[in-house]
$ cat input.pdb   # PDB, C-alpha atoms
ATOM      1  CA  MET A   1    -107.594-163.859  86.954
ATOM      2  CA  SER A   2    -105.199-164.825  84.201
ATOM      3  CA  LEU A   3    -101.471-164.196  84.443
ATOM      4  CA  VAL A   4    -101.667-162.897  80.844
ATOM      5  CA  THR A   5    -102.876-159.288  80.658
ATOM      6  CA  ASP A   6    -101.453-158.090  77.349
ATOM      7  CA  THR A   7     -99.785-159.308  74.182
ATOM      8  CA  ALA A   8     -97.647-158.202  71.289
ATOM      9  CA  ALA A   9     -99.791-158.265  68.148
ATOM     10  CA  ILE A  10     -99.863-157.131  64.561
ATOM     11  CA  ILE A  11    -102.249-154.194  64.296
ATOM     12  CA  LEU A  12    -103.649-152.622  61.152
ATOM     13  CA  GLU A  13    -104.775-149.077  61.966
ATOM     14  CA  GLY A  14    -105.875-148.660  58.347
ATOM     15  CA  PRO A  15    -104.801-149.591  54.818
ATOM     16  CA  ARG A  16    -101.003-150.073  54.727
ATOM     17  CA  ALA A  17    -100.750-148.725  58.286
ATOM     18  CA  LEU A  18     -99.316-151.798  59.958
ATOM     19  CA  ASP A  19     -97.189-152.153  63.070
ATOM     20  CA  LEU A  20     -96.306-154.456  65.960
ATOM     21  CA  ALA A  21     -97.937-153.142  69.117
ATOM     22  CA  THR A  22     -98.773-154.177  72.680
ATOM     23  CA  LEU A  23    -102.508-154.674  73.223
ATOM     24  CA  PRO A  24    -104.566-155.575  76.296
ATOM     25  CA  ILE A  25    -105.953-159.082  76.164
ATOM     26  CA  ASP A  26    -109.274-160.346  77.528
ATOM     27  CA  ASP A  27    -109.376-162.495  80.655
ATOM     28  CA  PRO A  28    -110.167-166.129  79.785
ATOM     29  CA  SER A  29    -113.528-167.522  80.869
ATOM     30  CA  ASP A  30    -114.756-171.069  81.429
ATOM     31  CA  GLY A  31    -114.097-173.067  78.274
ATOM     32  CA  ASP A  32    -111.262-170.796  77.132
ATOM     33  CA  VAL A  33    -107.585-171.441  76.563
ATOM     34  CA  VAL A  34    -104.616-169.095  76.430
ATOM     35  CA  VAL A  35    -102.253-170.031  73.611
ATOM     36  CA  GLU A  36     -98.700-168.807  73.241
ATOM     37  CA  ILE A  37     -98.191-168.498  69.495
ATOM     38  CA  THR A  38     -94.898-169.649  68.010
ATOM     39  CA  HIS A  39     -95.620-169.109  64.300
ATOM     40  CA  SER A  40     -98.297-167.383  62.237
ATOM     41  CA  GLY A  41     -98.778-167.228  58.485
ATOM     42  CA  ILE A  42     -99.512-164.205  56.310
ATOM     43  CA  SER A  43    -102.407-164.757  53.918
ATOM     44  CA  THR A  44    -101.954-163.344  50.421
ATOM     45  CA  GLY A  45    -105.723-163.544  49.904
ATOM     46  CA  THR A  46    -108.040-162.035  52.507
ATOM     47  CA  GLU A  47    -105.257-160.631  54.677
ATOM     48  CA  LYS A  48    -103.731-158.789  51.725
ATOM     49  CA  LEU A  49    -107.115-157.191  51.084
ATOM     50  CA  PHE A  50    -107.278-155.879  54.650
ATOM     51  CA  TRP A  51    -103.727-154.542  54.286
ATOM     52  CA  SER A  52    -104.376-152.853  50.931
ATOM     53  CA  GLY A  53    -107.820-151.535  51.874
ATOM     54  CA  ASP A  54    -109.510-153.473  49.055
ATOM     55  CA  MET A  55    -111.523-155.836  51.241
ATOM     56  CA  PRO A  56    -115.243-155.448  50.409
ATOM     57  CA  ASN A  57    -117.358-154.289  53.321
ATOM     58  CA  PHE A  58    -119.027-156.956  55.428
ATOM     59  CA  PRO A  59    -120.473-157.171  58.968
ATOM     60  CA  GLY A  60    -117.733-156.632  61.543
ATOM     61  CA  MET A  61    -115.352-155.038  59.057
ATOM     62  CA  GLY A  62    -113.390-152.037  60.255
ATOM     63  CA  TYR A  63    -110.083-150.772  61.595
ATOM     64  CA  PRO A  64    -108.102-151.039  63.817
ATOM     65  CA  LEU A  65    -107.820-154.807  63.560
ATOM     66  CA  VAL A  66    -105.529-157.727  64.296
ATOM     67  CA  PRO A  67    -105.264-159.987  61.221
ATOM     68  CA  GLY A  68    -104.231-163.608  60.905
ATOM     69  CA  TYR A  69    -105.970-166.982  60.856
ATOM     70  CA  GLU A  70    -102.980-169.299  60.376
ATOM     71  CA  SER A  71    -101.340-169.684  63.793
ATOM     72  CA  VAL A  72     -99.801-172.492  65.808
ATOM     73  CA  GLY A  73     -98.677-172.522  69.403
ATOM     74  CA  GLU A  74     -98.877-174.128  72.822
ATOM     75  CA  VAL A  75    -101.691-173.978  75.358
ATOM     76  CA  VAL A  76    -100.323-172.255  78.485
ATOM     77  CA  GLU A  77    -103.615-171.854  80.383
ATOM     78  CA  ALA A  78    -106.800-173.913  80.173
ATOM     79  CA  ARG A  79    -109.967-172.980  82.030
ATOM     80  CA  ARG A  80    -112.635-175.379  83.253
ATOM     81  CA  GLY A  81    -114.459-177.030  80.368
ATOM     82  CA  ALA A  82    -111.844-176.112  77.757
ATOM     83  CA  GLY A  83    -111.233-179.753  76.891
ATOM     84  CA  ILE A  84    -107.582-179.042  76.053
ATOM     85  CA  ALA A  85    -104.679-179.715  78.406
ATOM     86  CA  VAL A  86    -101.898-177.247  79.155
ATOM     87  CA  GLY A  87     -98.867-178.077  77.031
ATOM     88  CA  THR A  88    -100.902-179.216  74.000
ATOM     89  CA  ARG A  89     -99.625-178.030  70.626
ATOM     90  CA  VAL A  90    -102.555-176.555  68.682
ATOM     91  CA  PHE A  91    -103.572-174.892  65.446
ATOM     92  CA  VAL A  92    -105.427-171.604  66.084
ATOM     93  CA  PRO A  93    -107.725-170.127  63.387
ATOM     94  CA  GLY A  94    -107.701-166.684  65.034
ATOM     95  CA  ALA A  95    -109.092-164.962  68.118
ATOM     96  CA  ASP A  96    -111.177-161.957  69.108
ATOM     97  CA  CYS A  97    -109.706-161.044  72.469
ATOM     98  CA  TYR A  98    -108.316-157.514  72.107
ATOM     99  CA  GLY A  99    -111.031-155.340  73.608
ATOM    100  CA  ALA A 100    -111.917-152.465  71.279
ATOM    101  CA  VAL A 101    -109.506-153.698  68.590
ATOM    102  CA  ARG A 102    -111.217-156.081  66.202
ATOM    103  CA  GLY A 103    -109.896-159.607  65.780
ATOM    104  CA  LEU A 104    -110.124-159.997  61.986
ATOM    105  CA  PHE A 105    -109.062-162.697  62.205
ATOM    106  CA  GLY A 106    -106.920-162.076  65.252
ATOM    107  CA  GLY A 107    -104.300-164.805  65.126
ATOM    108  CA  ALA A 108    -101.213-162.666  64.464
ATOM    109  CA  ALA A 109    -100.203-162.182  68.088
ATOM    110  CA  ARG A 110     -97.811-163.606  70.662
ATOM    111  CA  ARG A 111    -100.657-164.742  72.917
ATOM    112  CA  VAL A 112    -104.352-165.251  72.253
ATOM    113  CA  VAL A 113    -107.415-166.138  74.300
ATOM    114  CA  THR A 114    -110.029-168.226  72.540
ATOM    115  CA  SER A 115    -112.475-171.059  73.128
ATOM    116  CA  GLY A 116    -110.900-174.466  73.537
ATOM    117  CA  ALA A 117    -113.465-175.753  71.044
ATOM    118  CA  ARG A 118    -111.933-173.578  68.288
ATOM    119  CA  VAL A 119    -108.374-174.892  68.472
ATOM    120  CA  THR A 120    -107.163-178.158  66.963
ATOM    121  CA  PRO A 121    -104.532-180.379  68.616
ATOM    122  CA  ILE A 122    -101.676-181.137  66.210
ATOM    123  CA  ASP A 123     -98.403-183.006  66.155
ATOM    124  CA  ALA A 124     -95.636-180.845  67.614
ATOM    125  CA  ALA A 125     -93.285-182.218  64.950
ATOM    126  CA  LEU A 126     -95.116-180.158  62.325
ATOM    127  CA  GLY A 127     -93.449-177.008  63.619
ATOM    128  CA  ALA A 128     -94.171-173.943  61.509
ATOM    129  CA  ASP A 129     -95.800-176.125  58.807
ATOM    130  CA  GLY A 130     -98.793-176.439  61.130
ATOM    131  CA  ALA A 131     -99.768-172.886  60.163
ATOM    132  CA  LEU A 132    -100.550-174.230  56.680
ATOM    133  CA  LEU A 133    -103.459-176.302  57.968
ATOM    134  CA  ALA A 134    -105.958-173.492  57.282
ATOM    135  CA  LEU A 135    -105.066-173.437  53.590
ATOM    136  CA  ALA A 136    -104.944-177.223  53.450
ATOM    137  CA  ALA A 137    -108.423-177.468  55.009
ATOM    138  CA  THR A 138    -109.653-174.788  52.588
ATOM    139  CA  ALA A 139    -108.340-176.862  49.698
ATOM    140  CA  ARG A 140    -109.981-179.971  51.122
ATOM    141  CA  HIS A 141    -113.304-178.141  51.466
ATOM    142  CA  ALA A 142    -113.133-176.960  47.852
ATOM    143  CA  ILE A 143    -112.718-180.553  46.700
ATOM    144  CA  ALA A 144    -115.087-182.299  49.125
ATOM    145  CA  GLY A 145    -117.424-179.535  50.322
ATOM    146  CA  LEU A 146    -120.612-179.905  48.310
ATOM    147  CA  ARG A 147    -119.573-182.102  45.375
ATOM    148  CA  THR A 148    -117.021-184.855  45.013
ATOM    149  CA  GLU A 149    -115.417-184.331  41.589
ATOM    150  CA  LEU A 150    -111.643-184.033  41.693
ATOM    151  CA  PRO A 151    -109.994-181.202  39.754
ATOM    152  CA  ASP A 152    -108.825-182.022  36.237
ATOM    153  CA  LEU A 153    -107.241-178.582  35.904
ATOM    154  CA  ILE A 154    -106.032-176.286  38.693
ATOM    155  CA  VAL A 155    -105.254-172.666  37.841
ATOM    156  CA  GLY A 156    -102.388-171.206  39.858
ATOM    157  CA  HIS A 157     -99.388-172.911  41.471
ATOM    158  CA  GLY A 158     -99.238-170.842  44.633
ATOM    159  CA  THR A 159     -99.696-172.385  48.068
ATOM    160  CA  LEU A 160    -103.427-173.069  47.665
ATOM    161  CA  GLY A 161    -102.956-174.456  44.152
ATOM    162  CA  ARG A 162    -100.208-176.794  45.342
ATOM    163  CA  LEU A 163    -102.323-178.043  48.229
ATOM    164  CA  LEU A 164    -105.252-178.642  45.875
ATOM    165  CA  ALA A 165    -102.957-180.600  43.582
ATOM    166  CA  ARG A 166    -101.450-182.646  46.435
ATOM    167  CA  LEU A 167    -104.894-183.524  47.795
ATOM    168  CA  THR A 168    -106.051-184.500  44.308
ATOM    169  CA  VAL A 169    -103.054-186.793  43.827
ATOM    170  CA  ALA A 170    -103.619-188.291  47.301
ATOM    171  CA  ALA A 171    -107.211-189.088  46.254
ATOM    172  CA  GLY A 172    -106.047-190.832  43.080
ATOM    173  CA  GLY A 173    -106.463-187.942  40.647
ATOM    174  CA  HIS A 174    -104.111-186.716  37.943
ATOM    175  CA  PRO A 175    -104.485-182.932  37.705
ATOM    176  CA  VAL A 176    -102.857-180.499  35.331
ATOM    177  CA  VAL A 177    -101.819-177.173  36.886
ATOM    178  CA  TRP A 178    -101.500-173.872  35.014
ATOM    179  CA  GLU A 179     -98.944-171.287  36.068
ATOM    180  CA  ILE A 180     -97.817-168.264  34.048
ATOM    181  CA  ASP A 181     -94.851-167.438  36.309
ATOM    182  CA  ALA A 182     -91.913-169.638  35.288
ATOM    183  CA  ALA A 183     -90.385-169.363  38.777
ATOM    184  CA  ARG A 184     -93.480-171.009  40.271
ATOM    185  CA  ARG A 185     -93.660-173.994  37.924
ATOM    186  CA  GLY A 186     -91.231-176.024  39.996
ATOM    187  CA  GLY A 187     -92.036-178.062  43.072
ATOM    188  CA  ALA A 188     -94.732-180.306  41.580
ATOM    189  CA  GLN A 189     -95.333-183.588  43.397
ATOM    190  CA  GLY A 190     -96.953-186.125  41.076
ATOM    191  CA  TYR A 191     -98.611-183.745  38.613
ATOM    192  CA  ASP A 192     -97.720-181.565  35.611
ATOM    193  CA  VAL A 193     -97.402-177.771  35.670
ATOM    194  CA  LEU A 194     -97.826-175.969  32.345
ATOM    195  CA  HIS A 195     -98.093-172.471  30.961
ATOM    196  CA  PRO A 196    -101.697-172.104  29.704
ATOM    197  CA  ASP A 197    -100.422-171.461  26.178
ATOM    198  CA  ALA A 198     -98.781-174.900  26.163
ATOM    199  CA  ASP A 199    -102.084-176.659  26.929
ATOM    200  CA  GLU A 200    -104.471-177.367  24.046
ATOM    201  CA  THR A 201    -107.085-179.235  26.088
ATOM    202  CA  ARG A 202    -110.651-177.962  25.614
ATOM    203  CA  ASP A 203    -112.664-180.591  27.474
ATOM    204  CA  TYR A 204    -111.754-180.443  31.148
ATOM    205  CA  GLY A 205    -114.541-181.856  33.289
ATOM    206  CA  THR A 206    -113.690-179.804  36.376
ATOM    207  CA  ILE A 207    -111.514-176.693  36.657
ATOM    208  CA  PHE A 208    -110.505-175.252  40.025
ATOM    209  CA  ASP A 209    -109.294-171.661  40.021
ATOM    210  CA  ALA A 210    -106.823-170.855  42.808
ATOM    211  CA  SER A 211    -105.556-167.632  41.235
ATOM    212  CA  GLY A 212    -108.199-165.224  42.535
ATOM    213  CA  ARG A 213    -108.414-163.623  39.078
ATOM    214  CA  ALA A 214    -112.017-162.977  38.083
ATOM    215  CA  ASP A 215    -110.981-161.995  34.552
ATOM    216  CA  LEU A 216    -109.957-165.586  33.761
ATOM    217  CA  LEU A 217    -113.501-166.938  33.915
ATOM    218  CA  PRO A 218    -114.309-166.535  30.174
ATOM    219  CA  ASP A 219    -111.095-168.383  29.276
ATOM    220  CA  LEU A 220    -111.924-171.157  31.715
ATOM    221  CA  ILE A 221    -115.418-171.558  30.284
ATOM    222  CA  ALA A 222    -113.810-172.119  26.891
ATOM    223  CA  ARG A 223    -111.736-174.942  28.379
ATOM    224  CA  ILE A 224    -114.463-177.065  30.003
ATOM    225  CA  ALA A 225    -116.351-179.969  28.507
ATOM    226  CA  ARG A 226    -120.116-179.797  28.017
ATOM    227  CA  GLY A 227    -121.645-179.884  31.491
ATOM    228  CA  GLY A 228    -118.270-179.107  33.052
ATOM    229  CA  GLU A 229    -117.853-177.297  36.341
ATOM    230  CA  ILE A 230    -115.677-174.348  37.320
ATOM    231  CA  VAL A 231    -114.924-174.006  41.025
ATOM    232  CA  LEU A 232    -113.840-170.600  42.309
ATOM    233  CA  ALA A 233    -111.557-171.549  45.183
ATOM    234  CA  GLY A 234    -109.849-168.178  45.669
ATOM    235  CA  PHE A 235    -111.179-164.869  46.980
ATOM    236  CA  TYR A 236    -112.326-162.306  44.411
ATOM    237  CA  THR A 237    -112.781-158.563  44.762
ATOM    238  CA  ASP A 238    -113.538-157.753  41.121
ATOM    239  CA  PRO A 239    -117.043-158.444  39.803
ATOM    240  CA  ILE A 240    -117.504-161.905  38.305
ATOM    241  CA  SER A 241    -118.771-161.643  34.733
ATOM    242  CA  PHE A 242    -118.795-163.674  31.541
ATOM    243  CA  ALA A 243    -120.569-163.811  28.195
ATOM    244  CA  PHE A 244    -123.672-165.965  28.439
ATOM    245  CA  PRO A 245    -123.662-167.714  25.011
ATOM    246  CA  PRO A 246    -120.398-169.683  25.473
ATOM    247  CA  ALA A 247    -121.490-170.785  28.961
ATOM    248  CA  PHE A 248    -124.931-171.659  27.580
ATOM    249  CA  MET A 249    -123.429-173.802  24.833
ATOM    250  CA  LYS A 250    -121.326-175.668  27.370
ATOM    251  CA  GLU A 251    -124.167-175.928  29.944
ATOM    252  CA  ALA A 252    -121.494-174.759  32.359
ATOM    253  CA  ARG A 253    -121.735-175.104  36.115
ATOM    254  CA  LEU A 254    -120.175-172.547  38.471
ATOM    255  CA  ARG A 255    -119.455-173.239  42.141
ATOM    256  CA  ILE A 256    -117.967-171.009  44.818
ATOM    257  CA  ALA A 257    -116.005-172.770  47.561
ATOM    258  CA  ALA A 258    -116.369-171.136  50.971
ATOM    259  CA  GLU A 259    -114.172-171.427  54.066
ATOM    260  CA  TRP A 260    -113.288-174.730  55.677
ATOM    261  CA  THR A 261    -115.450-176.420  58.293
ATOM    262  CA  PRO A 262    -114.387-178.235  61.495
ATOM    263  CA  GLN A 263    -114.890-181.527  59.661
ATOM    264  CA  ASP A 264    -112.522-180.377  56.896
ATOM    265  CA  MET A 265    -109.909-179.562  59.519
ATOM    266  CA  ARG A 266    -110.273-182.940  61.229
ATOM    267  CA  VAL A 267    -109.910-184.810  57.942
ATOM    268  CA  THR A 268    -106.957-182.653  56.880
ATOM    269  CA  VAL A 269    -105.116-183.227  60.168
ATOM    270  CA  ASP A 270    -105.690-186.970  59.748
ATOM    271  CA  LEU A 271    -104.346-186.860  56.169
ATOM    272  CA  VAL A 272    -101.220-185.059  57.335
ATOM    273  CA  ARG A 273    -100.762-187.381  60.310
ATOM    274  CA  SER A 274    -101.062-190.475  58.093
ATOM    275  CA  GLY A 275     -98.582-189.126  55.560
ATOM    276  CA  ALA A 276    -101.149-188.966  52.754
ATOM    277  CA  LEU A 277    -100.769-185.172  52.559
ATOM    278  CA  SER A 278     -97.462-183.343  52.884
ATOM    279  CA  LEU A 279     -97.235-179.720  53.993
ATOM    280  CA  GLY A 280     -93.504-179.606  53.307
ATOM    281  CA  GLY A 281     -91.778-177.233  50.922
ATOM    282  CA  LEU A 282     -94.511-174.582  50.906
ATOM    283  CA  ILE A 283     -92.985-172.107  53.378
ATOM    284  CA  THR A 284     -90.482-170.085  51.383
ATOM    285  CA  HIS A 285     -89.909-167.153  53.747
ATOM    286  CA  THR A 286     -89.696-166.782  57.530
ATOM    287  CA  GLU A 287     -89.107-163.532  59.423
ATOM    288  CA  PRO A 288     -89.072-162.593  63.116
ATOM    289  CA  ALA A 289     -92.367-161.019  64.151
ATOM    290  CA  GLY A 290     -90.362-157.929  65.110
ATOM    291  CA  LYS A 291     -89.762-157.384  61.379
ATOM    292  CA  ALA A 292     -93.443-157.699  60.518
ATOM    293  CA  VAL A 293     -93.677-154.533  58.427
ATOM    294  CA  ALA A 294     -91.042-155.749  55.986
ATOM    295  CA  ALA A 295     -92.433-159.291  56.104
ATOM    296  CA  TYR A 296     -95.887-158.166  55.011
ATOM    297  CA  GLU A 297     -94.424-156.126  52.166
ATOM    298  CA  THR A 298     -92.479-159.153  50.956
ATOM    299  CA  ALA A 299     -95.450-161.496  51.292
ATOM    300  CA  PHE A 300     -97.630-159.273  49.157
ATOM    301  CA  SER A 301     -95.116-158.061  46.565
ATOM    302  CA  ASP A 302     -92.543-160.796  45.950
ATOM    303  CA  PRO A 303     -93.783-163.460  43.463
ATOM    304  CA  ALA A 304     -91.171-165.876  44.827
ATOM    305  CA  CYS A 305     -92.865-165.806  48.239
ATOM    306  CA  LEU A 306     -95.331-168.683  48.399
ATOM    307  CA  LYS A 307     -95.886-168.431  52.144
ATOM    308  CA  MET A 308     -94.423-165.999  54.667
ATOM    309  CA  ILE A 309     -94.283-167.136  58.288
ATOM    310  CA  LEU A 310     -93.779-164.861  61.287
ATOM    311  CA  ASP A 311     -91.672-166.374  64.058
ATOM    312  CA  TRP A 312     -92.843-165.122  67.475
ATOM    313  CA  LYS A 313     -90.318-166.859  69.734
ATOM    314  CA  ASP A 314     -88.188-163.776  70.408
ATOM    315  CA  VAL A 315     -91.157-161.467  71.062
ATOM    316  CA  ALA A 316     -92.061-160.913  74.701
TER     317      ALA A 316
END

$ encode --input "input.pdb" --output "structure tokens"
Amino acid sequence: MSLVTDTAAIILEGPRALDLATLPIDDPSDGDVVVEITHSGISTGTEKLFWSGDMPNFPGMGYPLVPGYESVGEVVEARRGAGIAVGTRVFVPGADCYGAVRGLFGGAARRVVTSGARVTPIDAALGADGALLALAATARHAIAGLRTELPDLIVGHGTLGRLLARLTVAAGGHPVVWEIDAARRGGAQGYDVLHPDADETRDYGTIFDASGRADLLPDLIARIARGGEIVLAGFYTDPISFAFPPAFMKEARLRIAAEWTPQDMRVTVDLVRSGALSLGGLITHTEPAGKAVAAYETAFSDPACLKMILDWKDVA
């Protein structure tokens, strides 16, 4: 029997019906760990779609749910076969341990129960920045998942776009980044950020879209070289469509980058540990988990908010 029987957690009862509640938590089994979460990130991609009610239906979808897949914390219990020692600082990609309440993705809670095989040991010195590892691994997967071309152009200078650019620079590339919001053009580290109207290039070999805007695809097709590739690295709810003739003339390639794999996470952690990839400067807002309602509103509505982090330390 575990000493942990319940937890404070973010619960979405339905679109825009969000609160901090106390939920029962499953008993850990062999191979499981109990993690006390210190920080969790709010995703402005998939998590925003759950919050707004715009997430397309898929198996397992439904309310009520606990969101969150960007959490870091400390292992406080480890069952036989977990392979993780008590006291280890870990990244947690979510959990499904709340009984009848779905864990989609289940990481936004004070305590979680999950398999030891799902968590990743990290350097405690990362602090809240460790919650960014999911986005960093997603960016790494987009670059190294099925092909190996580095981005020549990255669309969007949000958190994902910045991580894509940093990984590209670390690999020896020289990307250009587009950003229409003047307030987001700062913070570049070894690359140029331009408004699209200031860029006359029409022969990019590889374009990575991190904006999540399906309507940009025709413009991006016009900007690639013959045989060029466009990688959709965001998450898109609107139908993807484009005129065939321009894509035909360019012999365009289109690739969709899916979620990160365990190998992506291992490589990303190694890049951060070696200093080749920095996660610094991407967290712009932090709020106590007790102020979650306001924090989610800010994360999804304030353009100046690159990444909102919930701090769980004062939540019982």

$ axis_aligned_box --input "input.pdb" --around "stretch 76-84 of chain A" --padding-each-side "6 Å" --output "JSON"
{"center_x": -107.4, "center_y": -175.8, "center_z": 79.7, "size_x": 26.1, "size_y": 19.9, "size_z": 19.2}

$ resolve_selection --input "input.pdb" --expression "the PyMOL selection byres ((chain A and resi 10) around 12)" --output "ChimeraX atom specification"
/A:7-9,11-13,17-23,40-42,47,51,64-68,98,101-111,289-293,295-296,310,312,315

$ atom_distance --input "input.pdb" --atom1 "atom CA of A:Met55" --atom2 "atom CA of A:Arg16"
12.5 Å

$ residues_around --input "input.pdb" --residues "A:Leu271" --least-positions-apart "4" --cutoff "12 Å" --atoms "all atoms listed in the file" --output "CSV table (one decimal) with C-alpha atoms, keeping the file's coordinate frame"
chain,number,residue,atom,x,y,z
A,122,ILE,CA,-101.7,-181.1,66.2
A,133,LEU,CA,-103.5,-176.3,58.0
A,136,ALA,CA,-104.9,-177.2,53.4
A,137,ALA,CA,-108.4,-177.5,55.0
A,140,ARG,CA,-110.0,-180.0,51.1
A,166,ARG,CA,-101.4,-182.6,46.4
A,167,LEU,CA,-104.9,-183.5,47.8
A,170,ALA,CA,-103.6,-188.3,47.3
A,171,ALA,CA,-107.2,-189.1,46.3
A,264,ASP,CA,-112.5,-180.4,56.9
A,265,MET,CA,-109.9,-179.6,59.5
A,266,ARG,CA,-110.3,-182.9,61.2
A,267,VAL,CA,-109.9,-184.8,57.9
A,275,GLY,CA,-98.6,-189.1,55.6
A,276,ALA,CA,-101.1,-189.0,52.8
A,277,LEU,CA,-100.8,-185.2,52.6
A,278,SER,CA,-97.5,-183.3,52.9
A,279,LEU,CA,-97.2,-179.7,54.0

$ closest_residue --input "input.pdb" --among "A:Phe300, A:Tyr204, A:Trp260, A:Tyr236" --to "A:Leu153" --atoms "all atoms listed in the file"
A:Tyr204

$ resolve_selection --input "input.pdb" --expression "the PyMOL selection byres ((chain A and resi 252) around 10)" --output "PyMOL selection string"
chain A and resi 205+221-222+224-230+244+246-251+253-254
